[in-house]
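Here is the file my_file36.cif (mmCIF, C-alpha atoms and all ligand atoms).
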```cif
data_work
loop_
_atom_site.group_PDB
_atom_site.id
_atom_site.type_symbol
_atom_site.label_atom_id
_atom_site.label_comp_id
_atom_site.auth_asym_id
_atom_site.auth_seq_id
_atom_site.Cartn_x
_atom_site.Cartn_y
_atom_site.Cartn_z
ATOM 1 C CA MET A 1218 -20.539 -4.511 -9.554
ATOM 2 C CA LYS A 1219 -18.506 -5.214 -6.443
ATOM 3 C CA ARG A 1220 -15.596 -3.271 -4.978
ATOM 4 C CA ILE A 1221 -12.809 -5.804 -4.491
ATOM 5 C CA LEU A 1222 -9.292 -5.474 -3.083
ATOM 6 C CA VAL A 1223 -6.689 -8.090 -4.046
ATOM 7 C CA THR A 1224 -3.218 -8.235 -2.447
ATOM 8 C CA GLY A 1225 -0.254 -9.755 -4.271
ATOM 9 C CA SER A 1226 -1.724 -8.798 -7.637
ATOM 10 C CA SER A 1227 1.540 -8.578 -9.605
ATOM 11 C CA ARG A 1228 1.619 -12.196 -10.787
ATOM 12 C CA GLY A 1229 0.330 -15.726 -10.244
ATOM 13 C CA LEU A 1230 -3.118 -16.140 -8.713
ATOM 14 C CA GLY A 1231 -3.432 -12.484 -7.694
ATOM 15 C CA LEU A 1232 -3.000 -11.215 -11.250
ATOM 16 C CA GLU A 1233 -5.523 -13.753 -12.567
ATOM 17 C CA PHE A 1234 -8.024 -12.703 -9.857
ATOM 18 C CA VAL A 1235 -7.656 -9.110 -11.062
ATOM 19 C CA LYS A 1236 -8.134 -10.095 -14.746
ATOM 20 C CA GLN A 1237 -11.200 -12.272 -14.269
ATOM 21 C CA LEU A 1238 -12.883 -9.975 -11.744
ATOM 22 C CA LEU A 1239 -12.405 -6.964 -14.044
ATOM 23 C CA GLU A 1240 -13.839 -8.910 -16.973
ATOM 24 C CA LYS A 1241 -16.941 -9.557 -14.834
ATOM 25 C CA GLY A 1242 -17.440 -5.801 -14.443
ATOM 26 C CA ASN A 1243 -16.157 -5.285 -10.905
ATOM 27 C CA GLN A 1244 -14.102 -2.394 -9.554
ATOM 28 C CA ILE A 1245 -10.711 -3.696 -8.493
ATOM 29 C CA ILE A 1246 -8.134 -2.276 -6.129
ATOM 30 C CA ALA A 1247 -5.001 -4.194 -7.121
ATOM 31 C CA CYS A 1248 -2.289 -3.987 -4.469
ATOM 32 C CA ASN A 1249 1.302 -5.048 -4.776
ATOM 33 C CA ARG A 1250 4.812 -3.772 -4.436
ATOM 34 C CA ASN A 1251 5.713 -1.319 -7.167
ATOM 35 C CA PRO A 1252 2.682 -1.949 -9.419
ATOM 36 C CA LEU A 1253 3.933 0.288 -12.247
ATOM 37 C CA LYS A 1254 6.747 -2.228 -12.821
ATOM 38 C CA TYR A 1255 4.383 -4.923 -14.145
ATOM 39 C CA PRO A 1256 3.413 -4.740 -17.874
ATOM 40 C CA ASP A 1257 0.400 -7.065 -17.381
ATOM 41 C CA LEU A 1258 -1.082 -4.706 -14.800
ATOM 42 C CA LEU A 1259 -0.383 -1.644 -16.942
ATOM 43 C CA GLU A 1260 -2.090 -3.325 -19.893
ATOM 44 C CA LEU A 1261 -5.144 -4.012 -17.719
ATOM 45 C CA LYS A 1262 -5.076 -0.406 -16.522
ATOM 46 C CA ASN A 1263 -5.185 0.784 -20.158
ATOM 47 C CA LYS A 1264 -8.077 -1.523 -20.925
ATOM 48 C CA PHE A 1265 -10.197 -0.972 -17.792
ATOM 49 C CA GLU A 1266 -9.078 2.549 -16.796
ATOM 50 C CA ASP A 1267 -11.562 3.747 -14.145
ATOM 51 C CA LYS A 1268 -12.449 0.194 -12.995
ATOM 52 C CA LEU A 1269 -8.875 -0.570 -11.904
ATOM 53 C CA VAL A 1270 -6.897 1.226 -9.216
ATOM 54 C CA LEU A 1271 -3.243 0.252 -8.764
ATOM 55 C CA ILE A 1272 -1.868 0.695 -5.256
ATOM 56 C CA ASP A 1273 1.655 0.198 -3.948
ATOM 57 C CA LEU A 1274 1.453 -2.146 -0.963
ATOM 58 C CA ASP A 1275 4.120 -4.144 0.819
ATOM 59 C CA VAL A 1276 1.987 -6.268 3.144
ATOM 60 C CA SER A 1277 4.921 -6.850 5.496
ATOM 61 C CA SER A 1278 5.085 -3.129 6.354
ATOM 62 C CA LYS A 1279 2.583 -1.521 8.712
ATOM 63 C CA ASP A 1280 3.435 1.916 7.274
ATOM 64 C CA SER A 1281 2.708 0.647 3.781
ATOM 65 C CA ILE A 1282 -0.674 -0.785 4.924
ATOM 66 C CA ASP A 1283 -1.559 2.565 6.541
ATOM 67 C CA ASN A 1284 -0.507 4.478 3.453
ATOM 68 C CA ALA A 1285 -2.485 2.167 1.134
ATOM 69 C CA PHE A 1286 -5.561 2.623 3.336
ATOM 70 C CA THR A 1287 -5.308 6.415 3.058
ATOM 71 C CA LEU A 1288 -5.055 6.242 -0.753
ATOM 72 C CA ILE A 1289 -7.822 3.641 -1.142
ATOM 73 C CA SER A 1290 -10.191 5.575 1.140
ATOM 74 C CA LYS A 1291 -10.056 8.393 -1.419
ATOM 75 C CA GLU A 1292 -11.213 5.975 -4.153
ATOM 76 C CA ILE A 1293 -13.993 4.008 -2.428
ATOM 77 C CA ASP A 1294 -16.231 4.441 0.607
ATOM 78 C CA GLY A 1295 -16.925 0.727 1.075
ATOM 79 C CA LEU A 1296 -15.226 -2.577 0.350
ATOM 80 C CA ASP A 1297 -17.362 -5.598 -0.604
ATOM 81 C CA ILE A 1298 -14.623 -8.237 -0.917
ATOM 82 C CA LEU A 1299 -11.100 -8.311 0.512
ATOM 83 C CA ILE A 1300 -8.872 -11.060 -0.904
ATOM 84 C CA ASN A 1301 -5.739 -11.586 1.204
ATOM 85 C CA ASN A 1302 -3.760 -13.389 -1.487
ATOM 86 C CA ALA A 1303 -0.131 -12.234 -1.112
ATOM 87 C CA GLY A 1304 2.034 -15.049 0.168
ATOM 88 C CA ILE A 1305 5.553 -16.454 0.167
ATOM 89 C CA ARG A 1306 6.888 -20.005 0.266
ATOM 90 C CA PHE A 1307 10.393 -19.236 1.476
ATOM 91 C CA GLY A 1308 11.931 -16.469 3.502
ATOM 92 C CA GLY A 1309 15.459 -16.386 2.146
ATOM 93 C CA GLU A 1310 17.720 -17.045 -0.807
ATOM 94 C CA GLU A 1311 18.062 -20.757 -0.038
ATOM 95 C CA LYS A 1312 15.122 -22.695 -1.469
ATOM 96 C CA TYR A 1313 15.389 -25.841 0.633
ATOM 97 C CA CYS A 1314 15.694 -24.321 4.086
ATOM 98 C CA ASP A 1315 12.200 -25.275 5.275
ATOM 99 C CA GLU A 1316 13.176 -28.840 6.220
ATOM 100 C CA LEU A 1317 14.194 -30.379 9.530
ATOM 101 C CA GLY A 1318 17.932 -29.881 9.960
ATOM 102 C CA LYS A 1319 18.057 -26.787 7.735
ATOM 103 C CA LEU A 1320 15.664 -24.414 9.478
ATOM 104 C CA TYR A 1321 16.406 -20.704 9.868
ATOM 105 C CA LYS A 1322 14.649 -18.795 12.620
ATOM 106 C CA GLU A 1323 14.737 -15.623 10.479
ATOM 107 C CA ASP A 1324 12.837 -17.315 7.652
ATOM 108 C CA PHE A 1325 10.013 -18.277 10.009
ATOM 109 C CA GLY A 1326 9.657 -14.625 10.951
ATOM 110 C CA LYS A 1327 9.541 -13.424 7.344
ATOM 111 C CA ILE A 1328 7.046 -16.086 6.242
ATOM 112 C CA PHE A 1329 4.744 -15.554 9.207
ATOM 113 C CA THR A 1330 4.865 -11.781 8.691
ATOM 114 C CA VAL A 1331 3.585 -12.058 5.109
ATOM 115 C CA ASN A 1332 1.345 -15.133 5.283
ATOM 116 C CA SER A 1333 -0.244 -14.818 8.730
ATOM 117 C CA VAL A 1334 0.287 -11.418 10.343
ATOM 118 C CA ALA A 1335 -0.288 -9.205 7.291
ATOM 119 C CA PRO A 1336 -3.803 -10.524 6.523
ATOM 120 C CA VAL A 1337 -5.095 -9.740 10.029
ATOM 121 C CA LEU A 1338 -3.394 -6.314 10.118
ATOM 122 C CA ILE A 1339 -4.959 -5.499 6.741
ATOM 123 C CA VAL A 1340 -8.395 -6.535 8.003
ATOM 124 C CA GLU A 1341 -7.906 -4.448 11.151
ATOM 125 C CA LYS A 1342 -6.914 -1.359 9.162
ATOM 126 C CA PHE A 1343 -9.560 -1.743 6.438
ATOM 127 C CA LEU A 1344 -12.426 -2.569 8.801
ATOM 128 C CA PRO A 1345 -14.128 0.837 8.432
ATOM 129 C CA LEU A 1346 -14.348 0.272 4.650
ATOM 130 C CA ILE A 1347 -15.332 -3.388 5.027
ATOM 131 C CA LYS A 1348 -18.135 -2.471 7.439
ATOM 132 C CA ASN A 1349 -19.426 -0.108 4.732
ATOM 133 C CA GLY A 1350 -19.394 -2.899 2.145
ATOM 134 C CA ARG A 1351 -22.440 -4.682 0.752
ATOM 135 C CA ASP A 1352 -22.620 -8.220 2.275
ATOM 136 C CA PRO A 1353 -18.888 -7.951 2.933
ATOM 137 C CA VAL A 1354 -16.619 -10.940 2.541
ATOM 138 C CA ILE A 1355 -13.010 -11.519 3.576
ATOM 139 C CA VAL A 1356 -11.189 -14.328 1.761
ATOM 140 C CA ASN A 1357 -7.857 -15.525 3.111
ATOM 141 C CA ILE A 1358 -5.975 -17.540 0.514
ATOM 142 C CA SER A 1359 -4.702 -20.462 2.539
ATOM 143 C CA SER A 1360 -3.437 -23.927 1.600
ATOM 144 C CA THR A 1361 -4.026 -27.565 2.420
ATOM 145 C CA SER A 1362 -0.420 -27.360 3.685
ATOM 146 C CA GLY A 1363 -1.949 -25.484 6.627
ATOM 147 C CA SER A 1364 -4.517 -28.174 7.386
ATOM 148 C CA ILE A 1365 -3.461 -29.901 10.617
ATOM 149 C CA GLY A 1366 -6.146 -32.549 10.094
ATOM 150 C CA ARG A 1367 -4.672 -33.529 6.739
ATOM 151 C CA ARG A 1368 -1.030 -33.639 7.763
ATOM 152 C CA SER A 1369 0.255 -37.156 7.199
ATOM 153 C CA ARG A 1370 3.088 -37.125 4.701
ATOM 154 C CA LYS A 1371 6.723 -36.261 5.387
ATOM 155 C CA GLY A 1372 8.438 -33.384 3.664
ATOM 156 C CA GLY A 1373 9.235 -30.388 5.814
ATOM 157 C CA GLY A 1374 7.523 -27.162 4.865
ATOM 158 C CA TYR A 1375 7.551 -26.246 8.552
ATOM 159 C CA SER A 1376 7.389 -22.486 8.256
ATOM 160 C CA TYR A 1377 5.040 -22.342 5.268
ATOM 161 C CA SER A 1378 2.608 -24.967 6.622
ATOM 162 C CA ALA A 1379 2.586 -23.445 10.094
ATOM 163 C CA SER A 1380 2.036 -19.956 8.662
ATOM 164 C CA LYS A 1381 -1.047 -21.172 6.775
ATOM 165 C CA ALA A 1382 -2.337 -23.023 9.864
ATOM 166 C CA ALA A 1383 -1.942 -19.735 11.748
ATOM 167 C CA LEU A 1384 -3.794 -17.944 8.950
ATOM 168 C CA ASN A 1385 -6.614 -20.467 9.312
ATOM 169 C CA MET A 1386 -6.901 -19.656 13.015
ATOM 170 C CA ILE A 1387 -7.010 -15.988 12.108
ATOM 171 C CA THR A 1388 -9.857 -16.739 9.693
ATOM 172 C CA LYS A 1389 -11.759 -18.547 12.426
ATOM 173 C CA ALA A 1390 -11.118 -15.842 15.047
ATOM 174 C CA LEU A 1391 -12.170 -13.054 12.674
ATOM 175 C CA SER A 1392 -15.285 -14.975 11.671
ATOM 176 C CA VAL A 1393 -16.379 -15.101 15.306
ATOM 177 C CA ASP A 1394 -15.450 -11.476 16.084
ATOM 178 C CA LEU A 1395 -17.096 -10.071 12.952
ATOM 179 C CA HIS A 1396 -20.174 -12.307 12.855
ATOM 180 C CA GLU A 1397 -22.482 -9.731 14.446
ATOM 181 C CA GLU A 1398 -21.360 -7.168 11.883
ATOM 182 C CA GLY A 1399 -22.504 -9.527 9.112
ATOM 183 C CA ILE A 1400 -18.973 -9.908 7.726
ATOM 184 C CA THR A 1401 -18.230 -13.338 6.225
ATOM 185 C CA VAL A 1402 -14.673 -14.632 6.661
ATOM 186 C CA VAL A 1403 -13.344 -17.813 5.031
ATOM 187 C CA SER A 1404 -10.091 -19.546 4.089
ATOM 188 C CA ILE A 1405 -9.822 -20.954 0.566
ATOM 189 C CA HIS A 1406 -7.200 -23.370 -0.786
ATOM 190 C CA PRO A 1407 -6.635 -22.526 -4.476
ATOM 191 C CA GLY A 1408 -5.583 -26.053 -5.473
ATOM 192 C CA TRP A 1409 -2.063 -26.882 -6.656
ATOM 193 C CA VAL A 1410 -1.593 -24.277 -9.341
ATOM 194 C CA LYS A 1411 1.242 -23.535 -11.719
ATOM 195 C CA THR A 1412 2.374 -20.002 -10.798
ATOM 196 C CA THR A 1413 5.657 -18.262 -10.121
ATOM 197 C CA MET A 1414 5.677 -19.744 -6.597
ATOM 198 C CA GLU A 1415 8.323 -22.395 -5.831
ATOM 199 C CA TYR A 1416 7.254 -26.079 -6.078
ATOM 200 C CA THR A 1417 4.425 -25.349 -8.526
ATOM 201 C CA GLU A 1418 6.343 -26.268 -11.704
ATOM 202 C CA ASN A 1419 4.492 -29.615 -11.975
ATOM 203 C CA ALA A 1420 1.141 -28.410 -10.680
ATOM 204 C CA PRO A 1421 -1.890 -29.672 -12.648
ATOM 205 C CA LEU A 1422 -4.054 -26.532 -12.470
ATOM 206 C CA THR A 1423 -3.747 -23.304 -14.425
ATOM 207 C CA THR A 1424 -4.379 -19.951 -12.758
ATOM 208 C CA TYR A 1425 -7.394 -19.559 -15.058
ATOM 209 C CA GLU A 1426 -9.000 -22.791 -13.748
ATOM 210 C CA SER A 1427 -8.243 -22.098 -10.097
ATOM 211 C CA ILE A 1428 -9.555 -18.533 -10.161
ATOM 212 C CA LYS A 1429 -12.656 -19.513 -12.123
ATOM 213 C CA GLY A 1430 -13.363 -22.120 -9.420
ATOM 214 C CA MET A 1431 -12.647 -19.763 -6.525
ATOM 215 C CA ARG A 1432 -14.846 -17.063 -8.058
ATOM 216 C CA LYS A 1433 -17.756 -19.499 -8.041
ATOM 217 C CA VAL A 1434 -17.082 -20.331 -4.392
ATOM 218 C CA ILE A 1435 -16.859 -16.634 -3.463
ATOM 219 C CA ASP A 1436 -20.093 -15.875 -5.360
ATOM 220 C CA THR A 1437 -21.989 -18.346 -3.157
ATOM 221 C CA LEU A 1438 -20.631 -17.040 0.168
ATOM 222 C CA SER A 1439 -22.952 -15.634 2.793
ATOM 223 C CA ILE A 1440 -22.824 -15.227 6.573
ATOM 224 C CA GLU A 1441 -24.112 -18.828 7.032
ATOM 225 C CA LYS A 1442 -20.775 -20.038 5.601
ATOM 226 C CA THR A 1443 -18.521 -17.833 7.738
ATOM 227 C CA GLY A 1444 -15.614 -19.472 9.544
ATOM 228 C CA LYS A 1445 -15.161 -22.272 7.010
ATOM 229 C CA PHE A 1446 -12.219 -23.650 5.065
ATOM 230 C CA PHE A 1447 -12.984 -24.514 1.426
ATOM 231 C CA ASP A 1448 -11.011 -25.691 -1.560
ATOM 232 C CA TRP A 1449 -11.237 -24.019 -4.984
ATOM 233 C CA GLU A 1450 -14.167 -26.276 -5.922
ATOM 234 C CA GLY A 1451 -16.161 -25.441 -2.800
ATOM 235 C CA ASN A 1452 -15.450 -28.668 -0.882
ATOM 236 C CA ASP A 1453 -15.080 -28.379 2.900
ATOM 237 C CA LEU A 1454 -11.543 -28.908 4.204
ATOM 238 C CA PRO A 1455 -10.549 -29.965 7.729
ATOM 239 C CA TRP A 1456 -8.703 -27.333 9.780
HETATM 240 N N1 LIG B 1 0.254 -21.854 -6.392
HETATM 241 C C1 LIG B 1 -0.185 -22.798 -5.573
HETATM 242 O O1 LIG B 1 -0.190 -24.009 -5.897
HETATM 243 C C2 LIG B 1 -0.719 -22.426 -4.217
HETATM 244 C C3 LIG B 1 -1.223 -23.472 -3.408
HETATM 245 C C4 LIG B 1 -1.738 -23.156 -2.156
HETATM 246 C C5 LIG B 1 -1.771 -21.844 -1.738
HETATM 247 N N2 LIG B 1 -1.249 -20.847 -2.534
HETATM 248 C C6 LIG B 1 -1.324 -19.479 -2.029
HETATM 249 O O2 LIG B 1 -1.853 -18.620 -3.022
HETATM 250 C C7 LIG B 1 -1.360 -17.279 -2.840
HETATM 251 C C8 LIG B 1 -0.798 -16.769 -4.167
HETATM 252 O O3 LIG B 1 0.282 -17.616 -4.526
HETATM 253 P P1 LIG B 1 0.849 -17.742 -6.021
HETATM 254 O O4 LIG B 1 0.997 -19.186 -6.297
HETATM 255 O O5 LIG B 1 0.106 -16.873 -6.941
HETATM 256 O O6 LIG B 1 2.335 -17.159 -5.745
HETATM 257 P P2 LIG B 1 3.290 -16.203 -6.597
HETATM 258 O O7 LIG B 1 3.115 -16.449 -8.050
HETATM 259 O O8 LIG B 1 4.632 -16.382 -5.996
HETATM 260 O O9 LIG B 1 2.722 -14.741 -6.243
HETATM 261 C C9 LIG B 1 2.827 -14.276 -4.932
HETATM 262 C C10 LIG B 1 2.311 -12.857 -4.882
HETATM 263 O O10 LIG B 1 2.452 -12.394 -3.525
HETATM 264 C C11 LIG B 1 3.096 -11.146 -3.566
HETATM 265 N N3 LIG B 1 3.867 -10.833 -2.372
HETATM 266 C C12 LIG B 1 4.807 -11.556 -1.750
HETATM 267 N N4 LIG B 1 5.301 -10.870 -0.705
HETATM 268 C C13 LIG B 1 4.654 -9.671 -0.675
HETATM 269 C C14 LIG B 1 4.710 -8.528 0.148
HETATM 270 N N5 LIG B 1 5.571 -8.442 1.186
HETATM 271 N N6 LIG B 1 3.885 -7.498 -0.106
HETATM 272 C C15 LIG B 1 3.025 -7.544 -1.149
HETATM 273 N N7 LIG B 1 2.924 -8.592 -1.983
HETATM 274 C C16 LIG B 1 3.742 -9.646 -1.742
HETATM 275 C C17 LIG B 1 4.009 -11.204 -4.783
HETATM 276 O O11 LIG B 1 4.352 -9.882 -5.157
HETATM 277 P P3 LIG B 1 5.826 -9.455 -5.674
HETATM 278 O O12 LIG B 1 5.762 -9.570 -7.164
HETATM 279 O O13 LIG B 1 5.981 -8.047 -5.191
HETATM 280 O O14 LIG B 1 6.818 -10.389 -5.037
HETATM 281 C C18 LIG B 1 3.086 -11.891 -5.773
HETATM 282 O O15 LIG B 1 2.200 -10.961 -6.338
HETATM 283 C C19 LIG B 1 -0.313 -17.362 -1.729
HETATM 284 O O16 LIG B 1 -0.894 -16.965 -0.508
HETATM 285 C C20 LIG B 1 0.025 -18.850 -1.689
HETATM 286 O O17 LIG B 1 0.500 -19.269 -0.432
HETATM 287 C C21 LIG B 1 -0.727 -21.114 -3.761
#
```

As structure tokens, what does this structure read like?
Ligand SMILES: NC(=O)c1ccc[n+]([C@@H]2O[C@H](COP(=O)([O-])OP(=O)(O)OC[C@H]3O[C@@H](n4cnc5c(N)ncnc54)[C@H](OP(=O)(O)O)[C@@H]3O)[C@@H](O)[C@H]2O)c1
Amino acid sequence: MKRILVTGSSRGLGLEFVKQLLEKGNQIIACNRNPLKYPDLLELKNKFEDKLVLIDLDVSSKDSIDNAFTLISKEIDGLDILINNAGIRFGGEEKYCDELGKLYKEDFGKIFTVNSVAPVLIVEKFLPLIKNGRDPVIVNISSTSGSIGRRSRKGGGYSYSASKAALNMITKALSVDLHEEGITVVSIHPGWVKTTMEYTENAPLTTYESIKGMRKVIDTLSIEKTGKFFDWEGNDLPW
């Protein structure tokens, strides 16, 4: 049994992580905004009771991260896996504002706050628990959109792609800084998966398939693989 924290657990990939990891017998700290609002999470709480802890966490708020840490520290004394999954595609009401000619400075700020800054602030805050984990692993859910080496096609996505490229640098930097502590840090691209995120309506993968694949990848992680960027099937991706 591992003690695993998942951010953005209300829907999409985060919710499926929580489901599958609970079914495998792990203890899950599911973090999202207003968790009691989500029937799927409440149903899981009924089924798994003491194995599932629901925590209110807005990753864009430092106060909320601090508060979540205080609550979680009362539940567990070590964290084996941290999955930084919460993410956003757009920062505002307008869906198509991430293209050249339509960019909003404010949206960049919002997207970077959630996709890039929050993961490193969460790691920083939770480090005492992570250091107490057994073979601890930090997984940052990234995207091939953030792969600079793969960028060849047109199509905007400036803020989202850049936020995931920044997240990848954070993965690499953390992997170097935390290597001596034996903490493994990786980025994983979940594949193109049908979720509630924009632009995934025609995606070929289900959340079940993606999470099943990513679980296998996570199961095989060790310090030798720290600082790498994988896809959901375990293939290496270029930064
Ligand atoms: N789906 C894909 O094809 C795909 C591809 C590549 C990468 N990804 C990445 O995979 C991750 C999960 O995406 P998804 O497809 O499952 O998206 P999703 O269905 O839109 O779910 C996003 C999750 O992030 C949470 N979230 C957003 N802002 C938050 C905040 N400020 N504080 C706390 N939670 C917040 C949402 O919670 P609320 O309910 O509170 O909004 C929700 O639980 C993201 O990092 C995304 O970039 C997805």

So what does the PyMOL selection byres (((not hetatm)) within 6 of (chain B and resi 1)) actually pick up in this one, as a PDB file with C-alpha atoms, keeping the file's coordinate frame?
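result.pdb, written as the output of this step:
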```
ATOM      1  CA  GLY A1225      -0.254  -9.755  -4.271  1.00  0.00           C
ATOM      2  CA  SER A1226      -1.724  -8.798  -7.637  1.00  0.00           C
ATOM      3  CA  SER A1227       1.540  -8.578  -9.605  1.00  0.00           C
ATOM      4  CA  ARG A1228       1.619 -12.196 -10.787  1.00  0.00           C
ATOM      5  CA  GLY A1229       0.330 -15.726 -10.244  1.00  0.00           C
ATOM      6  CA  LEU A1230      -3.118 -16.140  -8.713  1.00  0.00           C
ATOM      7  CA  GLY A1231      -3.432 -12.484  -7.694  1.00  0.00           C
ATOM      8  CA  ASN A1249       1.302  -5.048  -4.776  1.00  0.00           C
ATOM      9  CA  ARG A1250       4.812  -3.772  -4.436  1.00  0.00           C
ATOM     10  CA  LEU A1274       1.453  -2.146  -0.963  1.00  0.00           C
ATOM     11  CA  ASP A1275       4.120  -4.144   0.819  1.00  0.00           C
ATOM     12  CA  VAL A1276       1.987  -6.268   3.144  1.00  0.00           C
ATOM     13  CA  SER A1277       4.921  -6.850   5.496  1.00  0.00           C
ATOM     14  CA  ASN A1302      -3.760 -13.389  -1.487  1.00  0.00           C
ATOM     15  CA  ALA A1303      -0.131 -12.234  -1.112  1.00  0.00           C
ATOM     16  CA  GLY A1304       2.034 -15.049   0.168  1.00  0.00           C
ATOM     17  CA  ILE A1305       5.553 -16.454   0.167  1.00  0.00           C
ATOM     18  CA  VAL A1331       3.585 -12.058   5.109  1.00  0.00           C
ATOM     19  CA  ILE A1358      -5.975 -17.540   0.514  1.00  0.00           C
ATOM     20  CA  SER A1359      -4.702 -20.462   2.539  1.00  0.00           C
ATOM     21  CA  SER A1360      -3.437 -23.927   1.600  1.00  0.00           C
ATOM     22  CA  HIS A1406      -7.200 -23.370  -0.786  1.00  0.00           C
ATOM     23  CA  PRO A1407      -6.635 -22.526  -4.476  1.00  0.00           C
ATOM     24  CA  GLY A1408      -5.583 -26.053  -5.473  1.00  0.00           C
ATOM     25  CA  TRP A1409      -2.063 -26.882  -6.656  1.00  0.00           C
ATOM     26  CA  VAL A1410      -1.593 -24.277  -9.341  1.00  0.00           C
ATOM     27  CA  LYS A1411       1.242 -23.535 -11.719  1.00  0.00           C
ATOM     28  CA  THR A1412       2.374 -20.002 -10.798  1.00  0.00           C
ATOM     29  CA  THR A1413       5.657 -18.262 -10.121  1.00  0.00           C
ATOM     30  CA  MET A1414       5.677 -19.744  -6.597  1.00  0.00           C
ATOM     31  CA  THR A1417       4.425 -25.349  -8.526  1.00  0.00           C
TER      32      THR A1417
END
```

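Comparing the minimum interatomic distances between A:Gly1308 and each of A:Ser1290, A:Ser1376, A:Thr1437, A:Thr1401, counting all atoms listed in the file, we find that A:Ser1376 sits nearest.
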
* If you apply the PyMOL selection byres (((chain A and resi 1440-1449) around 6) and not hetatm) to this file, what residues do you get, as a PyMOL selection string? -> chain A and resi 1389+1392+1401-1407+1430-1431+1439+1450-1454

* To do: Calculate how many Å separate atom CA of A:Tyr1375 from atom CA of A:Leu1422, rounding to one decimal.
  =>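 Here the two named atoms are 24.0 Å from each other.
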
* In Å, with one decimal, what is the gap from atom CA of A:Ile1272 to atom CA of A:Thr1287? ->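 These atoms are spaced 10.7 Å apart.
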
* Asked: atom CA of A:Ser1369 and atom CA of A:Ser1427 are how many Å apart?
  ->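 Spanning atom CA of A:Ser1369 to atom CA of A:Ser1427 is a straight-line distance of 24.5 Å.
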
Stretch 1314-1326 of chain A from the block above, N, CA, C and O atoms, as a tab-separated table (two decimals), in the first residue's frame, please?
```
chain	number	residue	atom	x	y	z
A	1314	CYS	N	-8.37	32.00	-27.31
A	1314	CYS	CA	-7.55	33.18	-27.08
A	1314	CYS	C	-6.08	32.81	-26.89
A	1314	CYS	O	-5.32	33.58	-26.36
A	1315	ASP	N	-5.70	31.58	-27.30
A	1315	ASP	CA	-4.33	31.14	-27.10
A	1315	ASP	C	-3.61	31.09	-28.45
A	1315	ASP	O	-2.71	30.28	-28.67
A	1316	GLU	N	-4.07	31.94	-29.39
A	1316	GLU	CA	-3.49	31.95	-30.74
A	1316	GLU	C	-2.88	33.32	-31.01
A	1316	GLU	O	-3.34	34.32	-30.45
A	1317	LEU	N	-1.90	33.32	-31.92
A	1317	LEU	CA	-1.25	34.59	-32.28
A	1317	LEU	C	-2.30	35.58	-32.80
A	1317	LEU	O	-3.11	35.23	-33.66
A	1318	GLY	N	-2.29	36.77	-32.27
A	1318	GLY	CA	-3.28	37.77	-32.67
A	1318	GLY	C	-4.42	37.90	-31.67
A	1318	GLY	O	-5.20	38.85	-31.73
A	1319	LYS	N	-4.56	36.88	-30.79
A	1319	LYS	CA	-5.68	36.92	-29.83
A	1319	LYS	C	-5.20	36.71	-28.39
A	1319	LYS	O	-5.97	36.30	-27.53
A	1320	LEU	N	-3.90	36.93	-28.16
A	1320	LEU	CA	-3.35	36.56	-26.85
A	1320	LEU	C	-3.68	37.59	-25.77
A	1320	LEU	O	-3.67	38.79	-26.03
A	1321	TYR	N	-3.97	37.08	-24.58
A	1321	TYR	CA	-4.22	37.93	-23.41
A	1321	TYR	C	-3.13	37.68	-22.39
A	1321	TYR	O	-2.93	36.53	-21.97
A	1322	LYS	N	-2.47	38.74	-21.98
A	1322	LYS	CA	-1.41	38.62	-20.98
A	1322	LYS	C	-1.94	37.96	-19.71
A	1322	LYS	O	-1.30	37.10	-19.12
A	1323	GLU	N	-3.16	38.32	-19.31
A	1323	GLU	CA	-3.73	37.81	-18.05
A	1323	GLU	C	-3.89	36.28	-18.10
A	1323	GLU	O	-3.72	35.60	-17.10
A	1324	ASP	N	-4.24	35.77	-19.29
A	1324	ASP	CA	-4.43	34.32	-19.40
A	1324	ASP	C	-3.11	33.57	-19.21
A	1324	ASP	O	-3.08	32.50	-18.61
A	1325	PHE	N	-2.03	34.15	-19.73
A	1325	PHE	CA	-0.71	33.53	-19.52
A	1325	PHE	C	-0.46	33.36	-18.03
A	1325	PHE	O	-0.04	32.31	-17.57
A	1326	GLY	N	-0.73	34.42	-17.29
A	1326	GLY	CA	-0.49	34.40	-15.84
A	1326	GLY	C	-1.28	33.30	-15.17
A	1326	GLY	O	-0.74	32.52	-14.38
```
